[in-house]
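> My structure is in protein18.txt, and what it holds is compact mmCIF, C-alpha atoms (C1' of nucleotides):
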# COMPACT_ATOMS: atom_id res chain seq x y z
CA MET A 1 4.72 19.16 5.08
CA LYS A 2 1.27 18.28 6.28
CA GLU A 3 0.18 14.72 5.70
CA LEU A 4 -2.40 13.88 3.07
CA ASN A 5 -5.37 12.20 4.74
CA PRO A 6 -4.70 8.59 3.74
CA LEU A 7 -8.37 7.77 3.67
CA LEU A 8 -8.86 10.23 0.88
CA HIS A 9 -5.52 9.74 -0.81
CA SER A 10 -6.63 6.68 -2.71
CA GLN A 11 -7.64 6.74 -6.33
CA LEU A 12 -11.02 5.12 -5.96
CA ARG A 13 -12.08 6.70 -2.68
CA LEU A 14 -11.07 10.11 -3.99
CA ALA A 15 -13.06 9.53 -7.16
CA VAL A 16 -16.12 8.52 -5.17
CA MET A 17 -15.81 11.51 -2.88
CA SER A 18 -15.32 13.93 -5.72
CA ILE A 19 -18.47 12.61 -7.37
CA LEU A 20 -20.45 12.85 -4.16
CA MET A 21 -19.25 16.41 -3.60
CA ASN A 22 -21.11 17.39 -6.75
CA VAL A 23 -24.40 15.55 -6.44
CA GLU A 24 -27.15 15.09 -3.86
CA GLU A 25 -26.70 11.36 -3.89
CA ALA A 26 -25.38 8.60 -6.11
CA ASP A 27 -26.12 4.91 -6.08
CA PHE A 28 -23.79 1.95 -6.24
CA VAL A 29 -24.38 1.25 -9.89
CA TYR A 30 -23.79 4.84 -10.90
CA LEU A 31 -20.57 5.05 -8.91
CA ARG A 32 -19.42 1.77 -10.38
CA GLN A 33 -19.95 3.00 -13.92
CA LYS A 34 -18.46 6.45 -13.37
CA THR A 35 -15.36 5.14 -11.66
CA GLU A 36 -15.04 2.03 -13.83
CA SER A 37 -14.25 0.02 -10.74
CA THR A 38 -15.13 -3.54 -9.90
CA ALA A 39 -18.06 -4.12 -7.57
CA GLY A 40 -15.83 -5.75 -4.98
CA ASN A 41 -13.38 -2.92 -4.83
CA LEU A 42 -16.14 -0.33 -4.73
CA SER A 43 -17.93 -2.17 -1.97
CA VAL A 44 -14.81 -2.26 0.18
CA GLN A 45 -13.99 1.39 -0.38
CA LEU A 46 -17.52 2.54 0.32
CA ASP A 47 -17.35 0.66 3.60
CA LYS A 48 -14.21 2.48 4.55
CA LEU A 49 -15.63 5.88 3.74
CA SER A 50 -18.76 4.96 5.61
CA SER A 51 -16.88 3.69 8.66
CA ALA A 52 -14.98 6.94 8.78
CA GLY A 53 -18.26 8.83 8.75
CA TYR A 54 -17.45 10.52 5.46
CA ILE A 55 -20.48 9.14 3.64
CA THR A 56 -23.81 7.54 4.43
CA VAL A 57 -24.78 4.34 2.70
CA GLU A 58 -28.47 3.59 2.52
CA LYS A 59 -29.63 0.21 1.30
CA GLY A 60 -33.14 0.08 -0.03
CA PHE A 61 -35.20 -1.25 -2.90
CA VAL A 62 -36.62 0.19 -6.08
CA GLY A 63 -39.36 -2.22 -6.98
CA LYS A 64 -37.66 -5.51 -6.37
CA LYS A 65 -34.14 -4.42 -7.12
CA PRO A 66 -31.79 -3.50 -4.33
CA ARG A 67 -30.44 0.00 -4.45
CA THR A 68 -27.59 1.41 -2.43
CA ALA A 69 -27.57 5.18 -2.20
CA CYS A 70 -24.58 7.17 -1.01
CA ARG A 71 -24.26 10.71 0.19
CA VAL A 72 -21.36 12.68 1.56
CA THR A 73 -21.72 13.87 5.15
CA LYS A 74 -20.72 17.21 6.62
CA LYS A 75 -17.68 15.54 8.11
CA GLY A 76 -16.84 14.09 4.72
CA LYS A 77 -17.08 17.50 3.09
CA GLN A 78 -14.78 19.02 5.66
CA ALA A 79 -12.25 16.25 5.27
CA PHE A 80 -12.36 16.56 1.50
CA GLU A 81 -11.82 20.29 1.62
CA GLU A 82 -8.94 19.95 4.00
CA TYR A 83 -7.43 17.30 1.78
CA VAL A 84 -7.67 19.61 -1.21
CA ASP A 85 -6.04 22.42 0.75
CA THR A 86 -3.16 20.18 1.74
CA LEU A 87 -2.79 19.01 -1.81
CA ARG A 88 -2.48 22.60 -2.94
CA GLN A 89 0.57 22.95 -0.76
CA TYR A 90 2.11 19.99 -2.50
CA ILE A 91 1.34 20.74 -6.10
CA GLY A 92 1.27 24.48 -5.77
CA LEU A 93 -1.89 25.89 -7.25
CA MET B 1 -12.40 9.33 -15.19
CA LYS B 2 -8.75 9.32 -16.08
CA GLU B 3 -6.52 7.34 -13.78
CA LEU B 4 -4.13 9.07 -11.43
CA ASN B 5 -0.58 7.98 -12.24
CA PRO B 6 0.01 5.55 -9.38
CA LEU B 7 3.71 6.30 -9.32
CA LEU B 8 2.96 9.86 -8.37
CA HIS B 9 -0.13 9.18 -6.32
CA SER B 10 1.80 8.29 -3.20
CA GLN B 11 2.31 10.66 -0.34
CA LEU B 12 6.07 10.48 -0.16
CA ARG B 13 6.82 10.29 -3.86
CA LEU B 14 4.49 13.20 -4.50
CA ALA B 15 6.21 15.20 -1.78
CA VAL B 16 9.61 14.49 -3.27
CA MET B 17 8.47 15.39 -6.75
CA SER B 18 6.82 18.59 -5.63
CA ILE B 19 10.04 19.63 -3.92
CA LEU B 20 12.13 18.79 -6.95
CA MET B 21 9.78 20.74 -9.19
CA ASN B 22 10.78 23.87 -7.32
CA VAL B 23 14.54 23.53 -6.98
CA GLU B 24 17.51 22.79 -9.20
CA GLU B 25 18.48 19.82 -7.12
CA ALA B 26 18.04 18.44 -3.64
CA ASP B 27 20.07 15.93 -1.74
CA PHE B 28 19.01 12.92 0.27
CA VAL B 29 19.42 14.60 3.63
CA TYR B 30 17.42 17.63 2.58
CA LEU B 31 14.59 15.53 1.19
CA ARG B 32 14.57 13.44 4.32
CA GLN B 33 14.22 16.50 6.53
CA LYS B 34 11.65 18.25 4.40
CA THR B 35 9.46 15.20 4.05
CA GLU B 36 10.08 13.91 7.57
CA SER B 37 10.41 10.42 6.19
CA THR B 38 12.64 7.59 7.30
CA ALA B 39 15.81 6.97 5.33
CA GLY B 40 14.63 3.52 4.34
CA ASN B 41 11.34 4.66 2.97
CA LEU B 42 12.93 7.58 1.15
CA SER B 43 15.56 5.34 -0.37
CA VAL B 44 12.94 2.97 -1.73
CA GLN B 45 10.77 5.71 -3.16
CA LEU B 46 13.70 7.51 -4.79
CA ASP B 47 14.58 4.22 -6.46
CA LYS B 48 11.11 3.93 -7.87
CA LEU B 49 11.09 7.46 -9.20
CA SER B 50 14.52 6.90 -10.62
CA SER B 51 13.59 3.59 -12.27
CA ALA B 52 10.65 5.31 -13.89
CA GLY B 53 12.98 7.95 -15.27
CA TYR B 54 11.26 10.71 -13.36
CA ILE B 55 14.37 11.76 -11.47
CA THR B 56 18.12 11.33 -11.64
CA VAL B 57 20.01 10.20 -8.57
CA GLU B 58 23.67 11.07 -8.44
CA LYS B 59 25.85 9.63 -5.72
CA GLY B 60 29.02 11.53 -4.97
CA PHE B 61 31.12 12.86 -2.14
CA VAL B 62 31.55 16.21 -0.48
CA GLY B 63 34.86 15.91 1.29
CA LYS B 64 34.53 12.52 2.85
CA LYS B 65 30.81 12.49 3.24
CA PRO B 66 28.61 10.77 0.71
CA ARG B 67 26.06 12.96 -0.95
CA THR B 68 23.14 11.86 -3.07
CA ALA B 69 21.75 14.56 -5.29
CA CYS B 70 18.38 14.30 -7.00
CA ARG B 71 16.90 16.20 -9.88
CA VAL B 72 13.65 15.89 -11.74
CA THR B 73 13.93 14.98 -15.41
CA LYS B 74 11.93 16.33 -18.31
CA LYS B 75 9.90 13.14 -18.28
CA GLY B 76 9.28 13.61 -14.58
CA LYS B 77 8.10 17.14 -15.08
CA GLN B 78 5.69 16.07 -17.78
CA ALA B 79 4.32 13.27 -15.66
CA PHE B 80 3.92 15.58 -12.70
CA GLU B 81 2.07 18.15 -14.75
CA GLU B 82 -0.22 15.56 -16.22
CA TYR B 83 -0.89 14.20 -12.77
CA VAL B 84 -1.82 17.65 -11.54
CA ASP B 85 -4.13 18.14 -14.50
CA THR B 86 -5.86 14.85 -13.79
CA LEU B 87 -6.16 15.74 -10.16
CA ARG B 88 -7.89 18.96 -11.11
CA GLN B 89 -10.61 16.94 -12.78
CA TYR B 90 -11.13 15.07 -9.55
CA ILE B 91 -11.09 17.86 -7.05
CA GLY B 92 -12.35 20.57 -9.34
CA LEU B 93 -10.07 23.57 -9.16
C1' DG C 1 43.66 4.47 20.57
C1' DA C 2 39.91 1.24 20.96
C1' DA C 3 34.94 1.48 21.70
C1' DA C 4 30.86 3.69 20.99
C1' DT C 5 28.20 7.01 18.14
C1' DT C 6 26.88 9.41 14.12
C1' DT C 7 26.11 9.97 9.19
C1' DG C 8 24.27 8.51 5.03
C1' DG C 9 22.57 5.41 3.28
C1' DT C 10 20.64 0.08 1.52
C1' DT C 11 18.31 -4.29 2.15
C1' DT C 12 14.95 -7.10 4.02
C1' DA C 13 10.75 -7.91 6.69
C1' DT C 14 6.19 -6.54 8.13
C1' DA C 15 1.89 -4.18 7.84
C1' DA C 16 -1.54 -2.11 5.23
C1' DA C 17 -3.93 -1.34 0.99
C1' DA C 18 -5.87 -2.21 -3.39
C1' DT C 19 -7.59 -5.38 -6.40
C1' DA C 20 -9.44 -9.58 -8.03
C1' DA C 21 -11.82 -13.79 -7.59
C1' DA C 22 -15.38 -16.34 -5.72
C1' DG C 23 -19.66 -16.57 -3.33
C1' DT C 24 -24.56 -14.97 -1.93
C1' DT C 25 -29.36 -13.76 -2.57
C1' DG C 26 -33.00 -12.80 -5.07
C1' DT C 27 -35.00 -12.04 -10.16
C1' DT C 28 -35.88 -12.34 -14.60
C1' DT C 29 -35.89 -14.85 -18.92
C1' DA C 30 -35.87 -18.70 -22.15
C1' DT D 1 -37.50 -24.90 -13.99
C1' DA D 2 -32.96 -24.26 -14.99
C1' DA D 3 -29.82 -20.93 -16.65
C1' DA D 4 -28.42 -16.34 -16.69
C1' DC D 5 -28.31 -11.87 -14.56
C1' DA D 6 -28.19 -8.03 -11.11
C1' DA D 7 -26.40 -6.07 -7.13
C1' DC D 8 -23.72 -6.78 -3.92
C1' DT D 9 -20.49 -9.00 -0.06
C1' DT D 10 -16.75 -11.83 1.54
C1' DT D 11 -12.46 -13.78 1.18
C1' DA D 12 -8.02 -14.38 -1.01
C1' DT D 13 -4.19 -12.58 -3.55
C1' DT D 14 -1.16 -9.17 -5.02
C1' DT D 15 0.92 -4.85 -4.61
C1' DT D 16 2.51 -0.92 -1.88
C1' DA D 17 4.10 1.55 1.76
C1' DT D 18 6.44 1.62 5.85
C1' DA D 19 9.43 0.18 9.38
C1' DA D 20 13.13 -2.37 11.22
C1' DA D 21 17.52 -4.10 10.76
C1' DC D 22 21.77 -3.74 8.81
C1' DC D 23 26.28 -1.80 6.66
C1' DA D 24 30.44 1.06 5.82
C1' DA D 25 32.94 4.91 6.77
C1' DA D 26 33.95 8.80 9.58
C1' DT D 27 33.84 11.08 14.03
C1' DT D 28 33.66 11.57 18.78
C1' DT D 29 34.41 9.98 23.56
C1' DC D 30 36.59 7.86 27.29
With the file now loaded, output its structure as structure tokens.

Amino acid sequence: MKELNPLLHSQLRLAVMSILMNVEEADFVYLRQKTESTAGNLSVQLDKLSSAGYITVEKGFVGKKPRTACRVTKKGKQAFEEYVDTLRQYIGL
Amino acid sequence: MKELNPLLHSQLRLAVMSILMNVEEADFVYLRQKTESTAGNLSVQLDKLSSAGYITVEKGFVGKKPRTACRVTKKGKQAFEEYVDTLRQYIGL
DNA sequence: GAAATTTGGTTTATAAAATAAAGTTGTTTA
DNA sequence: TAAACAACTTTATTTTATAAACCAAATTTC
């Protein structure tokens, strides 16, 4: 049995990735609301995805408010798709 | 977003459950080989699944050798199916 | 036939992960 | 201008997963 990429096999990181797979980009606040996570947890998990090169995290400003925008990278997409394939072998779809 | 049952969202426990979903019963040794896990880890995870009522664990003997047989329960099947459904919402199948 | 090895595990300790709590910086509002 | 808020980050705590050590019984080896 192939191993499930542990970076993706985490509730919150998987949720974030699955959101990012379906949109151009999403900001911190949006991800926080959609995933109903705490800011701390989200921050940590975004860092991990970013360190792995699965997403880009761009910190900027809109007016005077900070805004952190995230996008999935090509590498992230590949990893996600491979993860899904592996999962299929487990749950049999 | 619905939460992924944390009892099932674990590599090894998910592997065990997915095996048990497809066979009448499986013993410790078989599960260990199929999942390539250590005995210790498998033992712990079987306990958790058993405590949750997702599987039954029956310790017996074949000749003089101990044999631990596992089966998924109705509750386990339901939980597994719900987990898969939830997962679908994440990964979009 | 005693010592070492294997089998089939369990229990305990360690490492890694997730989560929560507290802290930071700048901003708006009363 | 002080209190509250927004958007995060950092650190601490708790939970989980994994690995290491151990145990009992049977089997093999010397």
> Please return the superposed copy of chain B as an mmCIF file with C-alpha atoms, keeping the file's coordinate frame; the fit should be least squares onto chain A across all sequentially paired Cα atoms.

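Ended up saving to out-v9.cif:
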data_model
loop_
_atom_site.group_PDB
_atom_site.id
_atom_site.type_symbol
_atom_site.label_atom_id
_atom_site.label_comp_id
_atom_site.auth_asym_id
_atom_site.auth_seq_id
_atom_site.Cartn_x
_atom_site.Cartn_y
_atom_site.Cartn_z
ATOM 1 C CA MET B 1 4.695 19.178 5.174
ATOM 2 C CA LYS B 2 1.224 18.307 6.318
ATOM 3 C CA GLU B 3 0.160 14.744 5.721
ATOM 4 C CA LEU B 4 -2.402 13.899 3.084
ATOM 5 C CA ASN B 5 -5.377 12.206 4.737
ATOM 6 C CA PRO B 6 -4.696 8.604 3.739
ATOM 7 C CA LEU B 7 -8.379 7.775 3.684
ATOM 8 C CA LEU B 8 -8.876 10.228 0.878
ATOM 9 C CA HIS B 9 -5.532 9.743 -0.795
ATOM 10 C CA SER B 10 -6.621 6.671 -2.700
ATOM 11 C CA GLN B 11 -7.621 6.726 -6.313
ATOM 12 C CA LEU B 12 -11.005 5.107 -5.956
ATOM 13 C CA ARG B 13 -12.065 6.690 -2.691
ATOM 14 C CA LEU B 14 -11.053 10.094 -3.992
ATOM 15 C CA ALA B 15 -13.051 9.500 -7.155
ATOM 16 C CA VAL B 16 -16.107 8.517 -5.160
ATOM 17 C CA MET B 17 -15.794 11.501 -2.875
ATOM 18 C CA SER B 18 -15.308 13.921 -5.725
ATOM 19 C CA ILE B 19 -18.460 12.596 -7.363
ATOM 20 C CA LEU B 20 -20.440 12.831 -4.157
ATOM 21 C CA MET B 21 -19.247 16.383 -3.607
ATOM 22 C CA ASN B 22 -21.094 17.368 -6.755
ATOM 23 C CA VAL B 23 -24.401 15.542 -6.445
ATOM 24 C CA GLU B 24 -27.134 15.089 -3.872
ATOM 25 C CA GLU B 25 -26.699 11.361 -3.885
ATOM 26 C CA ALA B 26 -25.378 8.597 -6.081
ATOM 27 C CA ASP B 27 -26.110 4.924 -6.078
ATOM 28 C CA PHE B 28 -23.794 1.951 -6.232
ATOM 29 C CA VAL B 29 -24.390 1.251 -9.898
ATOM 30 C CA TYR B 30 -23.775 4.847 -10.887
ATOM 31 C CA LEU B 31 -20.559 5.055 -8.896
ATOM 32 C CA ARG B 32 -19.407 1.788 -10.369
ATOM 33 C CA GLN B 33 -19.942 3.034 -13.909
ATOM 34 C CA LYS B 34 -18.460 6.457 -13.366
ATOM 35 C CA THR B 35 -15.364 5.147 -11.656
ATOM 36 C CA GLU B 36 -15.050 2.039 -13.819
ATOM 37 C CA SER B 37 -14.242 0.026 -10.738
ATOM 38 C CA THR B 38 -15.135 -3.535 -9.883
ATOM 39 C CA ALA B 39 -18.067 -4.106 -7.561
ATOM 40 C CA GLY B 40 -15.833 -5.743 -4.992
ATOM 41 C CA ASN B 41 -13.374 -2.928 -4.828
ATOM 42 C CA LEU B 42 -16.124 -0.321 -4.726
ATOM 43 C CA SER B 43 -17.913 -2.161 -1.958
ATOM 44 C CA VAL B 44 -14.788 -2.251 0.177
ATOM 45 C CA GLN B 45 -13.955 1.394 -0.356
ATOM 46 C CA LEU B 46 -17.510 2.557 0.342
ATOM 47 C CA ASP B 47 -17.317 0.650 3.615
ATOM 48 C CA LYS B 48 -14.173 2.472 4.569
ATOM 49 C CA LEU B 49 -15.602 5.867 3.757
ATOM 50 C CA SER B 50 -18.732 4.949 5.616
ATOM 51 C CA SER B 51 -16.858 3.683 8.686
ATOM 52 C CA ALA B 52 -14.963 6.943 8.781
ATOM 53 C CA GLY B 53 -18.242 8.827 8.750
ATOM 54 C CA TYR B 54 -17.438 10.513 5.473
ATOM 55 C CA ILE B 55 -20.471 9.138 3.668
ATOM 56 C CA THR B 56 -23.796 7.523 4.450
ATOM 57 C CA VAL B 57 -24.765 4.311 2.714
ATOM 58 C CA GLU B 58 -28.447 3.550 2.531
ATOM 59 C CA LYS B 59 -29.613 0.186 1.285
ATOM 60 C CA GLY B 60 -33.146 0.048 -0.026
ATOM 61 C CA PHE B 61 -35.237 -1.252 -2.877
ATOM 62 C CA VAL B 62 -36.663 0.223 -6.032
ATOM 63 C CA GLY B 63 -39.401 -2.181 -6.982
ATOM 64 C CA LYS B 64 -37.672 -5.466 -6.476
ATOM 65 C CA LYS B 65 -34.181 -4.329 -7.189
ATOM 66 C CA PRO B 66 -31.819 -3.449 -4.387
ATOM 67 C CA ARG B 67 -30.461 0.044 -4.472
ATOM 68 C CA THR B 68 -27.613 1.436 -2.427
ATOM 69 C CA ALA B 69 -27.579 5.190 -2.196
ATOM 70 C CA CYS B 70 -24.574 7.161 -0.998
ATOM 71 C CA ARG B 71 -24.242 10.701 0.207
ATOM 72 C CA VAL B 72 -21.348 12.671 1.571
ATOM 73 C CA THR B 73 -21.706 13.866 5.151
ATOM 74 C CA LYS B 74 -20.695 17.193 6.615
ATOM 75 C CA LYS B 75 -17.651 15.513 8.102
ATOM 76 C CA GLY B 76 -16.814 14.095 4.699
ATOM 77 C CA LYS B 77 -17.074 17.468 3.070
ATOM 78 C CA GLN B 78 -14.777 19.009 5.637
ATOM 79 C CA ALA B 79 -12.238 16.250 5.243
ATOM 80 C CA PHE B 80 -12.364 16.541 1.481
ATOM 81 C CA GLU B 81 -11.837 20.275 1.591
ATOM 82 C CA GLU B 82 -8.950 19.956 3.972
ATOM 83 C CA TYR B 83 -7.427 17.308 1.766
ATOM 84 C CA VAL B 84 -7.685 19.593 -1.233
ATOM 85 C CA ASP B 85 -6.080 22.416 0.714
ATOM 86 C CA THR B 86 -3.196 20.183 1.722
ATOM 87 C CA LEU B 87 -2.816 19.001 -1.817
ATOM 88 C CA ARG B 88 -2.509 22.587 -2.963
ATOM 89 C CA GLN B 89 0.544 22.966 -0.771
ATOM 90 C CA TYR B 90 2.089 19.996 -2.501
ATOM 91 C CA ILE B 91 1.327 20.737 -6.093
ATOM 92 C CA GLY B 92 1.229 24.489 -5.796
ATOM 93 C CA LEU B 93 -1.951 25.819 -7.327
#
> As an exercise, work out the distance from CA of Val84 in chain A to CA of Ile91 in chain B in Å and give it to one decimal place.
7.0 Å
> Using only C-alpha atoms (C1' of nucleotides), which chain C residues lie at most 10 Å away from chain A, written as a ChimeraX atom specification?
/C:17-21,26-27
> When you draw a straight line from CA of Asn22 in chain B to CA of Val62 in chain B, how long is it in Å?
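Atom-to-atom, CA of Asn22 in chain B and CA of Val62 in chain B are spaced 23.2 Å apart.
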> Return as number ranges by chain the residues belonging to chain D that are within 10 Å of chain A, counting all atoms listed in the file.
D: 6-10
> Considering all atoms listed in the file, extract the chain B residues located within 10 Å of chain A and return them as an mmCIF file with C-alpha atoms, in the coordinates of the input.

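As a result, result-v4.cif now contains:
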data_model
loop_
_atom_site.group_PDB
_atom_site.id
_atom_site.type_symbol
_atom_site.label_atom_id
_atom_site.label_comp_id
_atom_site.auth_asym_id
_atom_site.auth_seq_id
_atom_site.Cartn_x
_atom_site.Cartn_y
_atom_site.Cartn_z
ATOM 1 C CA MET B 1 -12.400 9.330 -15.190
ATOM 2 C CA LYS B 2 -8.750 9.320 -16.080
ATOM 3 C CA GLU B 3 -6.520 7.340 -13.780
ATOM 4 C CA LEU B 4 -4.130 9.070 -11.430
ATOM 5 C CA ASN B 5 -0.580 7.980 -12.240
ATOM 6 C CA PRO B 6 0.010 5.550 -9.380
ATOM 7 C CA HIS B 9 -0.130 9.180 -6.320
ATOM 8 C CA SER B 10 1.800 8.290 -3.200
ATOM 9 C CA GLN B 11 2.310 10.660 -0.340
ATOM 10 C CA LEU B 12 6.070 10.480 -0.160
ATOM 11 C CA LEU B 14 4.490 13.200 -4.500
ATOM 12 C CA ALA B 15 6.210 15.200 -1.780
ATOM 13 C CA VAL B 16 9.610 14.490 -3.270
ATOM 14 C CA MET B 17 8.470 15.390 -6.750
ATOM 15 C CA SER B 18 6.820 18.590 -5.630
ATOM 16 C CA ILE B 19 10.040 19.630 -3.920
ATOM 17 C CA MET B 21 9.780 20.740 -9.190
ATOM 18 C CA ASN B 22 10.780 23.870 -7.320
ATOM 19 C CA GLN B 33 14.220 16.500 6.530
ATOM 20 C CA LYS B 34 11.650 18.250 4.400
ATOM 21 C CA THR B 35 9.460 15.200 4.050
ATOM 22 C CA GLU B 36 10.080 13.910 7.570
ATOM 23 C CA PHE B 80 3.920 15.580 -12.700
ATOM 24 C CA GLU B 81 2.070 18.150 -14.750
ATOM 25 C CA TYR B 83 -0.890 14.200 -12.770
ATOM 26 C CA VAL B 84 -1.820 17.650 -11.540
ATOM 27 C CA LEU B 87 -6.160 15.740 -10.160
ATOM 28 C CA ARG B 88 -7.890 18.960 -11.110
ATOM 29 C CA GLN B 89 -10.610 16.940 -12.780
ATOM 30 C CA TYR B 90 -11.130 15.070 -9.550
ATOM 31 C CA ILE B 91 -11.090 17.860 -7.050
ATOM 32 C CA GLY B 92 -12.350 20.570 -9.340
ATOM 33 C CA LEU B 93 -10.070 23.570 -9.160
#
> May I ask for the distance between CA of Ala26 in chain A and C1' of DA22 in chain C, given in Å to one decimal place?
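If I compute the distance from CA of Ala26 in chain A to C1' of DA22 in chain C, I get 26.9 Å.
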> Measuring between all atoms listed in the file, which one of C:DG8, C:DG1, C:DG23, C:DA13 shows the shortest distance to DA21 in chain D?
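Among the listed residues, the smallest separation from DA21 in chain D belongs to C:DA13.
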> For Leu31 in chain A, which of A:Arg13, A:Gly63, A:Lys48, A:Gln78 is the closest residue, counting all atoms listed in the file?
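For Leu31 in chain A, the nearest of the candidates is A:Arg13.
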